[in-house]
Amino acid sequence: MKKLVLIAVGLTMACNSSQNTVPEKKETATSPSFETTYAATITSDELKEHLYVYASDEFEGRETGTQGEKKAAAYIKDEYVALGIPAAKENGDYYQEVPLIMDVMPTGELRINGMDYKLGEDVLAFDAAQGHFSDIVYVGYGIDDKNYSDYEGIDIKGKLVLVKFGEPVNADGTFKVTGTRNNSKWSKVSDAYGMRSKAIQERGGLGMLYYDDTNYTRYQNYFNRRRQRSSGGLSLKTTNDNDFINVVLNKNVATALYPSILNTTSKDVIKTALDLNLSSDSGIIESENVVAVIKGTTKPDEYVVLSSHLDHIGITDKGEINNGADDDGSGTVALLEIAEAFKKAADAGNGPKRSIVFLHVTGEEKGLLGSQYYTDVQPIFPLSQTVANLNIDMIGRIDPKREGNRNYVYLIGSDKLSTELHNLSEAVNKKYMNIELDYKYNDENDPNRFYYRSDHYNFAKNNIPIIFYFNGTHADYHRPSDTPDKINYDLLENRTRLVFHTAWEIANRDQKIVVDKGVK
């Protein structure tokens, strides 16, 4: 799991016993159903056998772009080949190349009419930016939405564009984008910057100057953290990486460039002398997702995507290997076992009606990059035909802070977009597994923000219903001590079977899951 907050150390390990205390389930039917038969092929012994290999020192902590990560990808690919499950790509390649850039923070300055402004204090940039600009286009909020656009009647092709945070309000106090008293995703700090940048790129703009006094300190803190790293961060490489400009301005710089920015949203062309001299030394990193598919029997063009992340955090400065048995070795081996169960069903003539996509993504620990590439850059299968995403990230341990039944799993996001998916999930669990479903971290006010911290979010933001399966954090989270011997294999088996049963039901029901809620 992507680590955004510090986790307290010294948590007791007493609750993490591997002793099998999960009660035996009673079979009430005279003969097991198809799905029960295939779910039974998912066993703790096979999960353990996979994980002791996958989370071993041989894979060197599986850090994105390293030889260890490539060994992990090869292991996964070889398993699909051995199972006879074909690659998702038409050319037979199991690898979906994910081009990344090792971002080295830029140095330099921005100059307006002869006045220099300091990078890191007055302006923020995360990539190189060069050039002299005499005409800058101001378009107010920089919103481009079906209900409202700041770009109507103005051509920004080849121009540097100045925009500001916020969104327009009607006379009655409702927001123009939503038509309600609730603002839109254009005002969410997680989306505001990226959506405006994307809108400008799509309209042919050369770059974005972004004024956001509300969130400037947050961007600045992130800038400082990035600058303090001994090595650069990773980001997706796009066709515009060498050209497109993104610069965040504080109030002093924004008003120096355009004094009216605080009071107007009217479009304007600013005559000025702006010089950008921001340089950095970034390099290309090669990485890959591993993607396989079992085609559906009657609805092959509808897809259920099952995901986990294949990467982890590598080797410490002291040379200790972070094996990532729980994070996310547990999700990886669970996905392999689920794939085997579906393949056995298909081989017996009981394959799923809808296609099942097995998506092992890279770069989760670097910012959900592999899943972002799949959803935002190059979906192998159309997102419009993707029915749901079930994401598995850490399902082999017990949260030591949690009291009560050890046979539990945290579910996150099942009700965010689809009431129907949530109800299906509950019903499937009650029918087959009777695991305690804990929604503690599904709370909108959860300070951990786990909903935004694993790969399902890149599907959810595209209006695809998701469920995130998670066991919670523990003292070994993102530490070399996250090893296979600490996994609760009976729980890993139960949780994996739950995901299988849920995927089976989604894949074989008559109708698609209905989306009845907006993107969170």
# chains A, B, ... in the order shown; residues from 1 in each chain; ligands from 1

$ residues_around --residues "A:Arg397" --least-positions-apart "3" --cutoff "8 Å" --atoms "only C-alpha atoms" --output "PyMOL selection string"
chain A and resi 16+326+394+471-472+486-488+491-492

$ residues_around --residues "stretch 102-117 of chain A" --least-positions-apart "2" --cutoff "8 Å" --atoms "only C-alpha atoms" --output "PyMOL selection string"
chain A and resi 100+119+121-123+125-128+226-227+231-235+253+256-257+272-285

$ closest_residue --among "A:His478, A:Val291, A:Leu209, A:Thr43" --to "A:Lys77" --atoms "only C-alpha atoms"
A:Val291

$ atom_distance --atom1 "atom CA of A:Asn391" --atom2 "atom CA of A:Ile101"
25.5 Å

$ residues_around --residues "A:Tyr441" --least-positions-apart "5" --cutoff "12 Å" --atoms "only C-alpha atoms" --output "count of residues only"
21

$ select_by_dssp --residues "stretch 407-438 of chain A" --states "alpha helix (DSSP H)" --output "ChimeraX atom specification"
/A:419-432

$ closest_atom_pairs --of "stretch 380-473 of chain A" --to "stretch 341-364 of chain A" --cutoff "9 Å" --atoms "only C-alpha atoms" --output "JSON lines"
{"residue": "A:Phe381", "atom": "CA", "partner": "A:Val357", "partner_atom": "CA", "distance": 8.9}
{"residue": "A:Arg453", "atom": "CA", "partner": "A:Glu364", "partner_atom": "CA", "distance": 8.7}
{"residue": "A:Ser454", "atom": "CA", "partner": "A:Glu364", "partner_atom": "CA", "distance": 6.9}
{"residue": "A:Asp455", "atom": "CA", "partner": "A:Glu364", "partner_atom": "CA", "distance": 6.8}

$ atom_distance --atom1 "atom CA of A:Lys164" --atom2 "atom CA of A:Tyr211"
4.6 Å

$ residues_around --residues "A:Glu79" --least-positions-apart "6" --cutoff "12 Å" --atoms "only C-alpha atoms" --output "number ranges by chain"
A: 50, 54, 72-73, 85-87, 94, 290-292, 332-333, 335-337, 339-340

$ residues_around --residues "A:Val248" --least-positions-apart "2" --cutoff "12 Å" --atoms "only C-alpha atoms" --output "MDAnalysis selection string"
chainID A and resid 110 117:127 129 161:165 192:194 196:197 207:220 223 245:246 250:254

$ select_by_dssp --residues "stretch 240-461 of chain A" --states "strand (DSSP E or B)" --output "PyMOL selection string"
chain A and resi 245-249+268-279+283-294+299-309+312+315+321+354-361+386-392+408-412+436-438

$ atom_distance --atom1 "atom CA of A:Gly84" --atom2 "atom CA of A:Gly296"
15.4 Å

$ closest_residue --among "A:Ala334, A:Tyr373, A:Gln385, A:Ala475" --to "A:Ile398" --atoms "only C-alpha atoms"
A:Ala475
